[in-house]
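Chemist: What follows is the file target22.pdb, containing PDB, C-alpha atoms:
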ATOM      1  CA  MET A  14       6.253  -5.008  19.668  1.00  0.00           C
ATOM      2  CA  LYS A  15       8.486  -3.039  17.295  1.00  0.00           C
ATOM      3  CA  ILE A  16       7.570  -2.857  13.625  1.00  0.00           C
ATOM      4  CA  VAL A  17       8.946  -1.248  10.493  1.00  0.00           C
ATOM      5  CA  VAL A  18       6.207   0.124   8.221  1.00  0.00           C
ATOM      6  CA  ASP A  19       6.539   0.817   4.497  1.00  0.00           C
ATOM      7  CA  SER A  20       4.988   3.797   2.676  1.00  0.00           C
ATOM      8  CA  ASP A  21       2.013   1.988   1.163  1.00  0.00           C
ATOM      9  CA  ALA A  22       0.924   0.441   4.472  1.00  0.00           C
ATOM     10  CA  LEU A  23       1.451   3.688   6.417  1.00  0.00           C
ATOM     11  CA  ILE A  24      -0.724   5.648   3.974  1.00  0.00           C
ATOM     12  CA  LYS A  25      -3.497   3.032   4.067  1.00  0.00           C
ATOM     13  CA  ILE A  26      -3.417   2.758   7.866  1.00  0.00           C
ATOM     14  CA  THR A  27      -3.665   6.549   8.112  1.00  0.00           C
ATOM     15  CA  LYS A  28      -6.466   6.912   5.578  1.00  0.00           C
ATOM     16  CA  ALA A  29      -8.469   4.137   7.230  1.00  0.00           C
ATOM     17  CA  GLY A  30      -8.228   5.890  10.617  1.00  0.00           C
ATOM     18  CA  LEU A  31      -6.143   3.147  12.268  1.00  0.00           C
ATOM     19  CA  LYS A  32      -2.910   5.016  12.759  1.00  0.00           C
ATOM     20  CA  GLU A  33      -3.592   6.282  16.271  1.00  0.00           C
ATOM     21  CA  LEU A  34      -4.658   2.813  17.413  1.00  0.00           C
ATOM     22  CA  ILE A  35      -1.458   1.354  16.026  1.00  0.00           C
ATOM     23  CA  VAL A  36       1.002   4.001  17.242  1.00  0.00           C
ATOM     24  CA  ASN A  37      -0.574   3.870  20.704  1.00  0.00           C
ATOM     25  CA  ASN A  38      -0.054   0.120  20.976  1.00  0.00           C
ATOM     26  CA  LEU A  39       3.046  -0.652  18.923  1.00  0.00           C
ATOM     27  CA  GLU A  40       6.473   0.898  18.437  1.00  0.00           C
ATOM     28  CA  VAL A  41       6.441   2.149  14.860  1.00  0.00           C
ATOM     29  CA  ALA A  42       9.604   2.993  12.939  1.00  0.00           C
ATOM     30  CA  ILE A  43      10.042   4.156   9.358  1.00  0.00           C
ATOM     31  CA  PRO A  44      13.176   4.813   7.320  1.00  0.00           C
ATOM     32  CA  ARG A  45      13.909   8.323   6.033  1.00  0.00           C
ATOM     33  CA  LYS A  46      12.765   7.368   2.510  1.00  0.00           C
ATOM     34  CA  VAL A  47       9.295   6.401   3.790  1.00  0.00           C
ATOM     35  CA  TYR A  48       9.090   9.764   5.577  1.00  0.00           C
ATOM     36  CA  GLU A  49       9.883  11.517   2.303  1.00  0.00           C
ATOM     37  CA  GLU A  50       7.268   9.485   0.405  1.00  0.00           C
ATOM     38  CA  THR A  51       4.494   9.809   2.991  1.00  0.00           C
ATOM     39  CA  VAL A  52       5.099  13.290   4.415  1.00  0.00           C
ATOM     40  CA  GLU A  53       7.531  15.556   2.589  1.00  0.00           C
ATOM     41  CA  ILE A  54       6.421  14.974  -1.026  1.00  0.00           C
ATOM     42  CA  PRO A  55       2.640  14.511  -0.411  1.00  0.00           C
ATOM     43  CA  LYS A  56       2.563  17.638   1.774  1.00  0.00           C
ATOM     44  CA  THR A  57       3.508  19.762  -1.207  1.00  0.00           C
ATOM     45  CA  LYS A  58       0.574  18.250  -3.127  1.00  0.00           C
ATOM     46  CA  GLY A  59      -2.016  18.775  -0.409  1.00  0.00           C
ATOM     47  CA  PHE A  60      -2.594  15.220   0.839  1.00  0.00           C
ATOM     48  CA  PRO A  61      -4.089  15.625   4.346  1.00  0.00           C
ATOM     49  CA  ASP A  62      -2.768  12.284   5.650  1.00  0.00           C
ATOM     50  CA  ALA A  63       0.788  13.642   5.249  1.00  0.00           C
ATOM     51  CA  LEU A  64       0.090  16.167   8.015  1.00  0.00           C
ATOM     52  CA  GLU A  65      -1.313  13.468  10.282  1.00  0.00           C
ATOM     53  CA  ILE A  66       1.790  11.322   9.867  1.00  0.00           C
ATOM     54  CA  GLU A  67       4.020  14.351  10.410  1.00  0.00           C
ATOM     55  CA  LYS A  68       2.237  15.046  13.704  1.00  0.00           C
ATOM     56  CA  ASN A  69       3.034  11.523  14.923  1.00  0.00           C
ATOM     57  CA  VAL A  70       6.662  11.953  13.910  1.00  0.00           C
ATOM     58  CA  SER A  71       6.989  15.284  15.704  1.00  0.00           C
ATOM     59  CA  THR A  72       5.515  13.805  18.910  1.00  0.00           C
ATOM     60  CA  GLY A  73       7.769  10.771  18.655  1.00  0.00           C
ATOM     61  CA  ARG A  74       4.985   8.215  18.140  1.00  0.00           C
ATOM     62  CA  ILE A  75       6.548   7.271  14.833  1.00  0.00           C
ATOM     63  CA  SER A  76      10.322   7.298  14.748  1.00  0.00           C
ATOM     64  CA  VAL A  77      12.175   8.137  11.582  1.00  0.00           C
ATOM     65  CA  LYS A  78      15.436   6.215  11.305  1.00  0.00           C
ATOM     66  CA  GLU A  79      18.413   6.913   9.121  1.00  0.00           C
ATOM     67  CA  THR A  80      19.540   3.911   7.099  1.00  0.00           C
ATOM     68  CA  SER A  81      22.252   3.349   4.585  1.00  0.00           C
ATOM     69  CA  LYS A  82      20.611   4.820   1.503  1.00  0.00           C
ATOM     70  CA  GLY A  83      19.275   2.251  -0.902  1.00  0.00           C
ATOM     71  CA  GLU A  84      18.114   3.109  -4.381  1.00  0.00           C
ATOM     72  CA  LYS A  85      14.567   2.169  -3.494  1.00  0.00           C
ATOM     73  CA  GLY A  86      12.389   2.535  -0.411  1.00  0.00           C
ATOM     74  CA  GLU A  87      12.002  -1.241  -0.122  1.00  0.00           C
ATOM     75  CA  HIS A  88      15.758  -1.549   0.440  1.00  0.00           C
ATOM     76  CA  GLU A  89      15.640   1.018   3.215  1.00  0.00           C
ATOM     77  CA  VAL A  90      12.753  -0.829   4.879  1.00  0.00           C
ATOM     78  CA  VAL A  91      14.739  -4.075   4.770  1.00  0.00           C
ATOM     79  CA  ASN A  92      17.916  -2.326   5.988  1.00  0.00           C
ATOM     80  CA  LEU A  93      16.025  -0.825   8.921  1.00  0.00           C
ATOM     81  CA  TYR A  94      14.471  -4.182   9.851  1.00  0.00           C
ATOM     82  CA  GLN A  95      17.888  -5.820   9.776  1.00  0.00           C
ATOM     83  CA  SER A  96      19.491  -3.039  11.833  1.00  0.00           C
ATOM     84  CA  GLY A  97      17.411  -3.472  14.960  1.00  0.00           C
ATOM     85  CA  ASP A  98      15.302  -5.630  17.166  1.00  0.00           C
ATOM     86  CA  TYR A  99      12.121  -5.521  15.074  1.00  0.00           C
ATOM     87  CA  SER A 100       9.407  -8.174  15.057  1.00  0.00           C
ATOM     88  CA  ALA A 101       8.148  -7.631  11.519  1.00  0.00           C
ATOM     89  CA  VAL A 102       7.880  -5.445   8.456  1.00  0.00           C
ATOM     90  CA  VAL A 103       4.397  -4.137   7.659  1.00  0.00           C
ATOM     91  CA  SER A 104       3.464  -3.826   3.993  1.00  0.00           C
ATOM     92  CA  ASP A 105       0.423  -4.195   1.780  1.00  0.00           C
ATOM     93  CA  ASP A 106       2.354  -4.735  -1.436  1.00  0.00           C
ATOM     94  CA  ARG A 107       2.220  -8.295  -2.738  1.00  0.00           C
ATOM     95  CA  LYS A 108       5.474  -8.237  -4.694  1.00  0.00           C
ATOM     96  CA  PHE A 109       7.346  -6.764  -1.733  1.00  0.00           C
ATOM     97  CA  LEU A 110       5.787  -9.337   0.632  1.00  0.00           C
ATOM     98  CA  LYS A 111       7.019 -12.118  -1.663  1.00  0.00           C
ATOM     99  CA  GLN A 112      10.502 -10.586  -1.604  1.00  0.00           C
ATOM    100  CA  LEU A 113      10.409 -10.440   2.207  1.00  0.00           C
ATOM    101  CA  ASP A 114       9.308 -14.065   2.312  1.00  0.00           C
ATOM    102  CA  ARG A 115      12.239 -15.150   0.134  1.00  0.00           C
ATOM    103  CA  MET A 116      14.585 -13.230   2.452  1.00  0.00           C
ATOM    104  CA  GLY A 117      13.086 -14.897   5.533  1.00  0.00           C
ATOM    105  CA  ILE A 118      11.836 -11.563   6.913  1.00  0.00           C
ATOM    106  CA  PRO A 119       8.550 -11.861   8.858  1.00  0.00           C
ATOM    107  CA  TYR A 120       5.771  -9.594   7.648  1.00  0.00           C
ATOM    108  CA  LEU A 121       2.364  -8.300   8.654  1.00  0.00           C
ATOM    109  CA  THR A 122      -0.317  -6.614   6.562  1.00  0.00           C
ATOM    110  CA  PRO A 123      -2.535  -3.761   7.831  1.00  0.00           C
ATOM    111  CA  ALA A 124      -5.479  -6.117   8.482  1.00  0.00           C
ATOM    112  CA  SER A 125      -3.292  -8.654  10.275  1.00  0.00           C
ATOM    113  CA  ILE A 126      -2.212  -5.940  12.743  1.00  0.00           C
ATOM    114  CA  ILE A 127      -5.871  -5.585  13.717  1.00  0.00           C
ATOM    115  CA  VAL A 128      -6.044  -9.356  14.190  1.00  0.00           C
ATOM    116  CA  TYR A 129      -2.868  -9.137  16.336  1.00  0.00           C
ATOM    117  CA  LEU A 130      -4.449  -6.452  18.551  1.00  0.00           C
ATOM    118  CA  PHE A 131      -7.533  -8.653  18.837  1.00  0.00           C
ATOM    119  CA  TYR A 132      -5.438 -11.685  19.872  1.00  0.00           C
ATOM    120  CA  ARG A 133      -3.719  -9.486  22.469  1.00  0.00           C
ATOM    121  CA  LYS A 134      -7.192  -8.525  23.775  1.00  0.00           C
ATOM    122  CA  ILE A 135      -6.508  -4.861  23.100  1.00  0.00           C
ATOM    123  CA  LEU A 136      -9.534  -4.908  20.783  1.00  0.00           C
ATOM    124  CA  THR A 137     -12.829  -6.673  21.349  1.00  0.00           C
ATOM    125  CA  ARG A 138     -14.228  -8.878  18.610  1.00  0.00           C
ATOM    126  CA  ASP A 139     -16.679  -6.157  17.530  1.00  0.00           C
ATOM    127  CA  GLU A 140     -14.018  -3.461  17.560  1.00  0.00           C
ATOM    128  CA  ALA A 141     -11.673  -5.609  15.468  1.00  0.00           C
ATOM    129  CA  ILE A 142     -14.426  -6.284  12.938  1.00  0.00           C
ATOM    130  CA  ALA A 143     -15.238  -2.566  12.747  1.00  0.00           C
ATOM    131  CA  TYR A 144     -11.576  -1.671  12.140  1.00  0.00           C
ATOM    132  CA  ILE A 145     -11.217  -4.318   9.417  1.00  0.00           C
ATOM    133  CA  GLU A 146     -14.402  -2.985   7.799  1.00  0.00           C
ATOM    134  CA  GLY A 147     -12.798   0.466   7.855  1.00  0.00           C
ATOM    135  CA  LEU A 148      -9.821  -0.917   5.934  1.00  0.00           C
ATOM    136  CA  ARG A 149     -11.911  -2.735   3.361  1.00  0.00           C
ATOM    137  CA  LYS A 150     -11.713  -0.237   0.513  1.00  0.00           C
ATOM    138  CA  TYR A 151      -7.920  -0.052   0.782  1.00  0.00           C
ATOM    139  CA  ILE A 152      -7.111  -3.781   0.825  1.00  0.00           C
ATOM    140  CA  SER A 153      -7.739  -6.840  -1.329  1.00  0.00           C
ATOM    141  CA  ASP A 154     -10.867  -8.966  -0.905  1.00  0.00           C
ATOM    142  CA  GLU A 155      -8.609 -11.838   0.198  1.00  0.00           C
ATOM    143  CA  GLU A 156      -6.970  -9.788   2.943  1.00  0.00           C
ATOM    144  CA  TYR A 157     -10.344  -8.537   4.105  1.00  0.00           C
ATOM    145  CA  LEU A 158     -12.160 -11.900   4.091  1.00  0.00           C
ATOM    146  CA  ILE A 159      -9.402 -13.935   5.744  1.00  0.00           C
ATOM    147  CA  SER A 160      -9.040 -11.342   8.513  1.00  0.00           C
ATOM    148  CA  ILE A 161     -12.766 -11.038   9.147  1.00  0.00           C
ATOM    149  CA  MET A 162     -13.157 -14.834   9.219  1.00  0.00           C
ATOM    150  CA  GLU A 163     -10.242 -15.157  11.647  1.00  0.00           C
ATOM    151  CA  VAL A 164     -11.792 -12.681  14.097  1.00  0.00           C
ATOM    152  CA  LYS A 165     -15.333 -14.017  13.720  1.00  0.00           C
ATOM    153  CA  LYS A 166     -14.342 -17.566  14.578  1.00  0.00           C
ATOM    154  CA  TRP A 167     -13.460 -16.517  18.130  1.00  0.00           C
ATOM    155  CA  GLU A 168     -16.432 -16.232  20.460  1.00  0.00           C
ATOM    156  CA  ARG A 169     -15.597 -13.588  22.998  1.00  0.00           C
TER
ATOM    157  CA  MET B  20      11.834  10.926 -36.439  1.00  0.00           C
ATOM    158  CA  GLY B  21       9.441   8.522 -34.669  1.00  0.00           C
ATOM    159  CA  GLU B  22       8.098   5.341 -36.201  1.00  0.00           C
ATOM    160  CA  VAL B  23       4.695   5.500 -37.889  1.00  0.00           C
ATOM    161  CA  ILE B  24       2.251   2.785 -36.850  1.00  0.00           C
ATOM    162  CA  ILE B  25      -0.946   2.223 -38.755  1.00  0.00           C
ATOM    163  CA  ILE B  26      -3.801   0.811 -36.694  1.00  0.00           C
ATOM    164  CA  ARG B  27      -6.957  -0.350 -38.452  1.00  0.00           C
ATOM    165  CA  ASP B  28      -9.581  -0.722 -35.766  1.00  0.00           C
ATOM    166  CA  SER B  29     -13.172   0.361 -36.207  1.00  0.00           C
ATOM    167  CA  SER B  30     -13.765   0.797 -32.476  1.00  0.00           C
ATOM    168  CA  LEU B  31     -10.729   3.105 -32.296  1.00  0.00           C
ATOM    169  CA  ARG B  32     -12.292   5.256 -35.036  1.00  0.00           C
ATOM    170  CA  SER B  33     -15.583   5.403 -33.083  1.00  0.00           C
ATOM    171  CA  VAL B  34     -13.798   6.341 -29.842  1.00  0.00           C
ATOM    172  CA  LEU B  35     -11.835   9.053 -31.613  1.00  0.00           C
ATOM    173  CA  ASP B  36     -15.076  10.465 -32.981  1.00  0.00           C
ATOM    174  CA  LEU B  37     -16.570  10.505 -29.483  1.00  0.00           C
ATOM    175  CA  MET B  38     -13.481  12.210 -28.082  1.00  0.00           C
ATOM    176  CA  LYS B  39     -13.586  14.806 -30.844  1.00  0.00           C
ATOM    177  CA  LYS B  40     -17.089  15.695 -29.651  1.00  0.00           C
ATOM    178  CA  GLU B  41     -15.512  16.341 -26.228  1.00  0.00           C
ATOM    179  CA  GLY B  42     -13.239  18.882 -27.852  1.00  0.00           C
ATOM    180  CA  LEU B  43     -10.066  16.808 -28.213  1.00  0.00           C
ATOM    181  CA  ASP B  44      -8.201  16.855 -31.513  1.00  0.00           C
ATOM    182  CA  GLU B  45      -7.044  13.551 -32.990  1.00  0.00           C
ATOM    183  CA  GLU B  46      -3.522  13.737 -31.572  1.00  0.00           C
ATOM    184  CA  GLY B  47      -4.789  14.661 -28.100  1.00  0.00           C
ATOM    185  CA  ALA B  48      -7.348  11.857 -28.237  1.00  0.00           C
ATOM    186  CA  ILE B  49      -4.763   9.255 -29.231  1.00  0.00           C
ATOM    187  CA  LYS B  50      -2.394  10.414 -26.482  1.00  0.00           C
ATOM    188  CA  LYS B  51      -5.235  10.127 -23.967  1.00  0.00           C
ATOM    189  CA  ILE B  52      -6.129   6.587 -25.125  1.00  0.00           C
ATOM    190  CA  ILE B  53      -2.490   5.493 -24.895  1.00  0.00           C
ATOM    191  CA  ARG B  54      -2.170   7.000 -21.414  1.00  0.00           C
ATOM    192  CA  LEU B  55      -5.331   5.200 -20.234  1.00  0.00           C
ATOM    193  CA  GLY B  56      -4.035   1.945 -21.709  1.00  0.00           C
ATOM    194  CA  ILE B  57      -0.650   2.305 -20.020  1.00  0.00           C
ATOM    195  CA  THR B  58      -2.296   3.051 -16.662  1.00  0.00           C
ATOM    196  CA  ASP B  59      -4.595   0.020 -16.924  1.00  0.00           C
ATOM    197  CA  TYR B  60      -1.754  -2.252 -17.951  1.00  0.00           C
ATOM    198  CA  VAL B  61       0.519  -1.100 -15.112  1.00  0.00           C
ATOM    199  CA  LEU B  62      -2.277  -1.455 -12.549  1.00  0.00           C
ATOM    200  CA  GLU B  63      -2.976  -4.967 -13.843  1.00  0.00           C
ATOM    201  CA  LEU B  64       0.699  -5.876 -13.331  1.00  0.00           C
ATOM    202  CA  TYR B  65       0.525  -4.413  -9.823  1.00  0.00           C
ATOM    203  CA  LYS B  66      -2.647  -6.389  -9.097  1.00  0.00           C
ATOM    204  CA  ARG B  67      -0.942  -9.610 -10.170  1.00  0.00           C
ATOM    205  CA  GLY B  68       1.990  -8.856  -7.864  1.00  0.00           C
ATOM    206  CA  GLU B  69       4.438  -8.355 -10.710  1.00  0.00           C
ATOM    207  CA  LEU B  70       5.182  -4.728  -9.816  1.00  0.00           C
ATOM    208  CA  THR B  71       5.554  -3.012  -6.457  1.00  0.00           C
ATOM    209  CA  VAL B  72       3.722   0.267  -5.831  1.00  0.00           C
ATOM    210  CA  ARG B  73       7.032   2.050  -6.264  1.00  0.00           C
ATOM    211  CA  GLU B  74       7.773   0.373  -9.584  1.00  0.00           C
ATOM    212  CA  ALA B  75       4.256   1.229 -10.787  1.00  0.00           C
ATOM    213  CA  SER B  76       4.785   4.865  -9.766  1.00  0.00           C
ATOM    214  CA  GLU B  77       8.064   5.006 -11.673  1.00  0.00           C
ATOM    215  CA  VAL B  78       6.479   3.667 -14.884  1.00  0.00           C
ATOM    216  CA  LEU B  79       3.480   5.988 -14.561  1.00  0.00           C
ATOM    217  CA  GLN B  80       5.736   8.921 -13.631  1.00  0.00           C
ATOM    218  CA  LEU B  81       3.629   9.726 -10.604  1.00  0.00           C
ATOM    219  CA  SER B  82       4.665  10.165  -6.987  1.00  0.00           C
ATOM    220  CA  LEU B  83       4.239   7.107  -4.770  1.00  0.00           C
ATOM    221  CA  ARG B  84       1.449   8.911  -2.911  1.00  0.00           C
ATOM    222  CA  GLU B  85      -0.422   9.625  -6.156  1.00  0.00           C
ATOM    223  CA  THR B  86      -0.011   6.009  -7.228  1.00  0.00           C
ATOM    224  CA  VAL B  87      -1.458   4.757  -3.934  1.00  0.00           C
ATOM    225  CA  GLU B  88      -4.468   7.003  -4.600  1.00  0.00           C
ATOM    226  CA  LEU B  89      -4.885   5.611  -8.118  1.00  0.00           C
ATOM    227  CA  ILE B  90      -4.612   2.018  -6.855  1.00  0.00           C
ATOM    228  CA  GLU B  91      -7.191   2.722  -4.163  1.00  0.00           C
ATOM    229  CA  GLU B  92      -9.581   4.107  -6.757  1.00  0.00           C
ATOM    230  CA  LYS B  93      -9.126   1.324  -9.347  1.00  0.00           C
ATOM    231  CA  ILE B  94      -8.112  -1.823  -7.430  1.00  0.00           C
ATOM    232  CA  GLY B  95      -8.017  -1.579  -3.628  1.00  0.00           C
ATOM    233  CA  GLY B  96      -5.233  -3.941  -2.664  1.00  0.00           C
ATOM    234  CA  ASN B  97      -3.365  -6.899  -4.106  1.00  0.00           C
ATOM    235  CA  VAL B  98      -2.420  -9.136  -1.164  1.00  0.00           C
ATOM    236  CA  ALA B  99      -3.241 -12.754  -2.058  1.00  0.00           C
ATOM    237  CA  ILE B 100      -4.570 -15.563   0.144  1.00  0.00           C
ATOM    238  CA  GLN B 101      -1.184 -17.163   0.871  1.00  0.00           C
ATOM    239  CA  GLU B 102       0.434 -13.899   1.996  1.00  0.00           C
ATOM    240  CA  GLN B 103      -2.512 -13.002   4.221  1.00  0.00           C
ATOM    241  CA  ILE B 104      -2.555 -16.453   5.837  1.00  0.00           C
ATOM    242  CA  LYS B 105       1.162 -16.088   6.601  1.00  0.00           C
ATOM    243  CA  ALA B 106       0.593 -12.622   8.073  1.00  0.00           C
ATOM    244  CA  ILE B 107      -2.230 -13.906  10.298  1.00  0.00           C
ATOM    245  CA  GLU B 108      -0.065 -16.832  11.450  1.00  0.00           C
ATOM    246  CA  LEU B 109       2.694 -14.389  12.404  1.00  0.00           C
ATOM    247  CA  ALA B 110       0.170 -12.157  14.199  1.00  0.00           C
ATOM    248  CA  ARG B 111      -0.926 -15.200  16.250  1.00  0.00           C
ATOM    249  CA  LYS B 112       2.662 -16.186  17.043  1.00  0.00           C
ATOM    250  CA  LEU B 113       3.656 -12.658  18.070  1.00  0.00           C
ATOM    251  CA  SER B 114       0.632 -12.346  20.352  1.00  0.00           C
ATOM    252  CA  GLU B 115       1.538 -15.437  22.418  1.00  0.00           C
TER
END
Can you turn what I pasted into structure tokens?

Modeler:
Amino acid sequence: MKIVVDSDALIKITKAGLKELIVNNLEVAIPRKVYEETVEIPKTKGFPDALEIEKNVSTGRISVKETSKGEKGEHEVVNLYQSGDYSAVVSDDRKFLKQLDRMGIPYLTPASIIVYLFYRKILTRDEAIAYIEGLRKYISDEEYLISIMEVKKWER
Amino acid sequence: MGEVIIIRDSSLRSVLDLMKKEGLDEEGAIKKIIRLGITDYVLELYKRGELTVREASEVLQLSLRETVELIEEKIGGNVAIQEQIKAIELARKLSE
């Protein structure tokens, strides 16, 4: 499955220690603007997750795509989604998710990716719960509770 | 020349006195209170889904990465029930 990830979601996924799981199981693409916001600028300010993301880019696990430059990163994320055969945009930003919804663009949140990997049987129930717990401090209570309840209802 | 605003608020006076004890002069203390108020207000708008992270970072004049850090510290996330249910439904559909 090919996904386009925005800056906010990529930072949270990285900080929560989920990035390797996700880049090993999904095709992850980001527009140039997201690369600037998550790697180039944070690197100058000493954010360690910027180096981790950069490593994935240099090994090709995350591909950086050129898009027609929008004024804002959200536009570049939408442009990239519309330019290729992507299944969804990943974001954890409520206003942006509402915009995607109005545009008819399918979206996932960081916790719902864990649920997806659980549905695909890439993660066991216990592993999925542990990963969602790892995300807890970065996401809303609603995102956390709905995801945990979804995984817990399956007995396997 | 900027506009002069007179605020009569006894709690403001008390806070200013406390901040003076921390070594801030009156102007520095007022600037700090305004900055804290702006940050709280912007984060509240973000929490309600009325601003994106990027818009919040522009108002606060921080980088997006710094704003994500601030949001993590003060709020966590802002995805509401309806968006998360939709995301889970899509996750189910894509896994089939």

Chemist: When distances are computed from only C-alpha atoms, which of A:Arg133, A:Arg149, A:Asp114, A:Asp106 shows the smallest separation from Ala99 in chain B?

Modeler: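 Closest to Ala99 in chain B, using only C-alpha atoms: A:Asp106.
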
Chemist: Give the answer as one residue: which of A:Ser104, A:Ser153, A:Thr137, A:Gln95 has the shortest atom-to-atom distance to chain B, using all atoms listed in the file?

Modeler: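 Of all the options, A:Ser153 lies closest to chain B.
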
Chemist: Let me make sure I understand: among A:Asp21, A:Glu49, A:Glu67, A:Asp98, which one has the smallest atom-to-atom distance to Glu79 in chain A if we use only C-alpha atoms?

Modeler: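 The closest residue to Glu79 in chain A is A:Glu49.
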
Chemist: Could you list, as a PyMOL selection string, every residue within 12 Å of Glu87 in chain A, counting all atoms listed in the file and ignoring same-chain residues fewer than 3 positions away?

Modeler: (chain A and resi 17-21+43-47+50+80+82-84+90-94+102-104+106+108-110+112-113) or (chain B and resi 71-74)

Chemist: Can you work out which residues from chain A touch chain B at a cut-off of 7 Å (counting all atoms listed in the file) and hand them back as a list in words?

Modeler: Asp21, Glu50, Thr51, Pro55, Asp105, Asp106, Arg107, Lys108, Phe109, Tyr120, Leu121, Thr122, Ser125, Ile126, Val128, Tyr129, Tyr132, Arg133, Lys150, Tyr151, Ile152, Ser153, Glu155 and Glu156 of chain A

Chemist: How would you write, as a list in words, the residues chosen by the PyMOL selection byres ((chain A and resi 57-62) around 10) on this structure?

Modeler: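 After applying the PyMOL selection byres ((chain A and resi 57-62) around 10), what remains is Leu23, Ile24, Lys25, Ile26, Thr27, Lys28, Gly30, Thr51, Val52, Glu53, Ile54, Pro55, Lys56, Ala63, Leu64, Glu65, Ile66, Glu67 and Lys68 of chain A; Ser82, Arg84 and Glu85 of chain B.
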
Chemist: Could you turn the residues from that selection into a file that holds C-alpha atoms, as a CSV table (one decimal), keeping the file's coordinate frame?

Modeler:
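To be explicit, this is the file written out as again.csv:
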chain,number,residue,atom,x,y,z
A,23,LEU,CA,1.5,3.7,6.4
A,24,ILE,CA,-0.7,5.6,4.0
A,25,LYS,CA,-3.5,3.0,4.1
A,26,ILE,CA,-3.4,2.8,7.9
A,27,THR,CA,-3.7,6.5,8.1
A,28,LYS,CA,-6.5,6.9,5.6
A,30,GLY,CA,-8.2,5.9,10.6
A,51,THR,CA,4.5,9.8,3.0
A,52,VAL,CA,5.1,13.3,4.4
A,53,GLU,CA,7.5,15.6,2.6
A,54,ILE,CA,6.4,15.0,-1.0
A,55,PRO,CA,2.6,14.5,-0.4
A,56,LYS,CA,2.6,17.6,1.8
A,63,ALA,CA,0.8,13.6,5.2
A,64,LEU,CA,0.1,16.2,8.0
A,65,GLU,CA,-1.3,13.5,10.3
A,66,ILE,CA,1.8,11.3,9.9
A,67,GLU,CA,4.0,14.4,10.4
A,68,LYS,CA,2.2,15.0,13.7
B,82,SER,CA,4.7,10.2,-7.0
B,84,ARG,CA,1.4,8.9,-2.9
B,85,GLU,CA,-0.4,9.6,-6.2

Chemist: Which residues are near Ala48 in chain B? Cut-off 8 Å, all atoms listed in the file, ignore same chain within fewer than 6 positions. Put them as a PyMOL selection string.

Modeler: chain B and resi 35+38-39

Chemist: Please dump the current selection as a compact mmCIF listing (two decimals), keeping the file's coordinate frame; keep C-alpha atoms.

Modeler:
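Below is the file selection19.txt, written as the result:
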# COMPACT_ATOMS: atom_id res chain seq x y z
CA LEU B 35 -11.84 9.05 -31.61
CA MET B 38 -13.48 12.21 -28.08
CA LYS B 39 -13.59 14.81 -30.84

Chemist: In Å, rounded to a single decimal, give me how far CA of Ser29 in chain B is from CA of Ile57 in chain B.

Modeler: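 So the answer is 20.6 Å.
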
Chemist: Measure the distance from CA of Gly47 in chain B to CA of Val34 in chain B in Å and round it to one decimal.

Modeler: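 These atoms are spaced 12.4 Å apart.
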
Chemist: Give the answer as one residue: which of B:Ile24, B:Ser33, B:Gly42, B:Ala75 has the shortest atom-to-atom distance to Leu62 in chain B, using only C-alpha atoms?

Modeler: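 Smallest distance to Leu62 in chain B is found for B:Ala75.
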
Chemist: Could you put an axis-aligned box around every listed atom of range 57-75 of chain B, padded by 3 Å on each side, and send me its centre and edge lengths in Å to one decimal, as JSON?

Modeler:
{"center_x": 1.6, "center_y": -3.3, "center_z": -12.9, "size_x": 18.4, "size_y": 18.7, "size_z": 20.2}

Chemist: What is the distance, in Å and to one decimal place, between CA of Asp139 in chain A and CA of Val36 in chain A?

Modeler: 20.4 Å

Chemist: Residues within 9 Å of Asp36 in chain B, please, as a ChimeraX atom specification. Count only C-alpha atoms; anything in the same chain fewer than 5 positions from it doesn't count.

Modeler: /B:31,41,45

Chemist: Could you name the residues that touch range 166-168 of chain A at 10 Å or less, counting all atoms listed in the file, but leaving out those on the same chain fewer than 2 positions away, as a compact mmCIF listing (two decimals) with C-alpha atoms, in the frame of the given file?

Modeler:
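Final file, selection-v1.txt:
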# COMPACT_ATOMS: atom_id res chain seq x y z
CA PHE A 131 -7.53 -8.65 18.84
CA TYR A 132 -5.44 -11.68 19.87
CA ARG A 138 -14.23 -8.88 18.61
CA ILE A 161 -12.77 -11.04 9.15
CA MET A 162 -13.16 -14.83 9.22
CA GLU A 163 -10.24 -15.16 11.65
CA VAL A 164 -11.79 -12.68 14.10
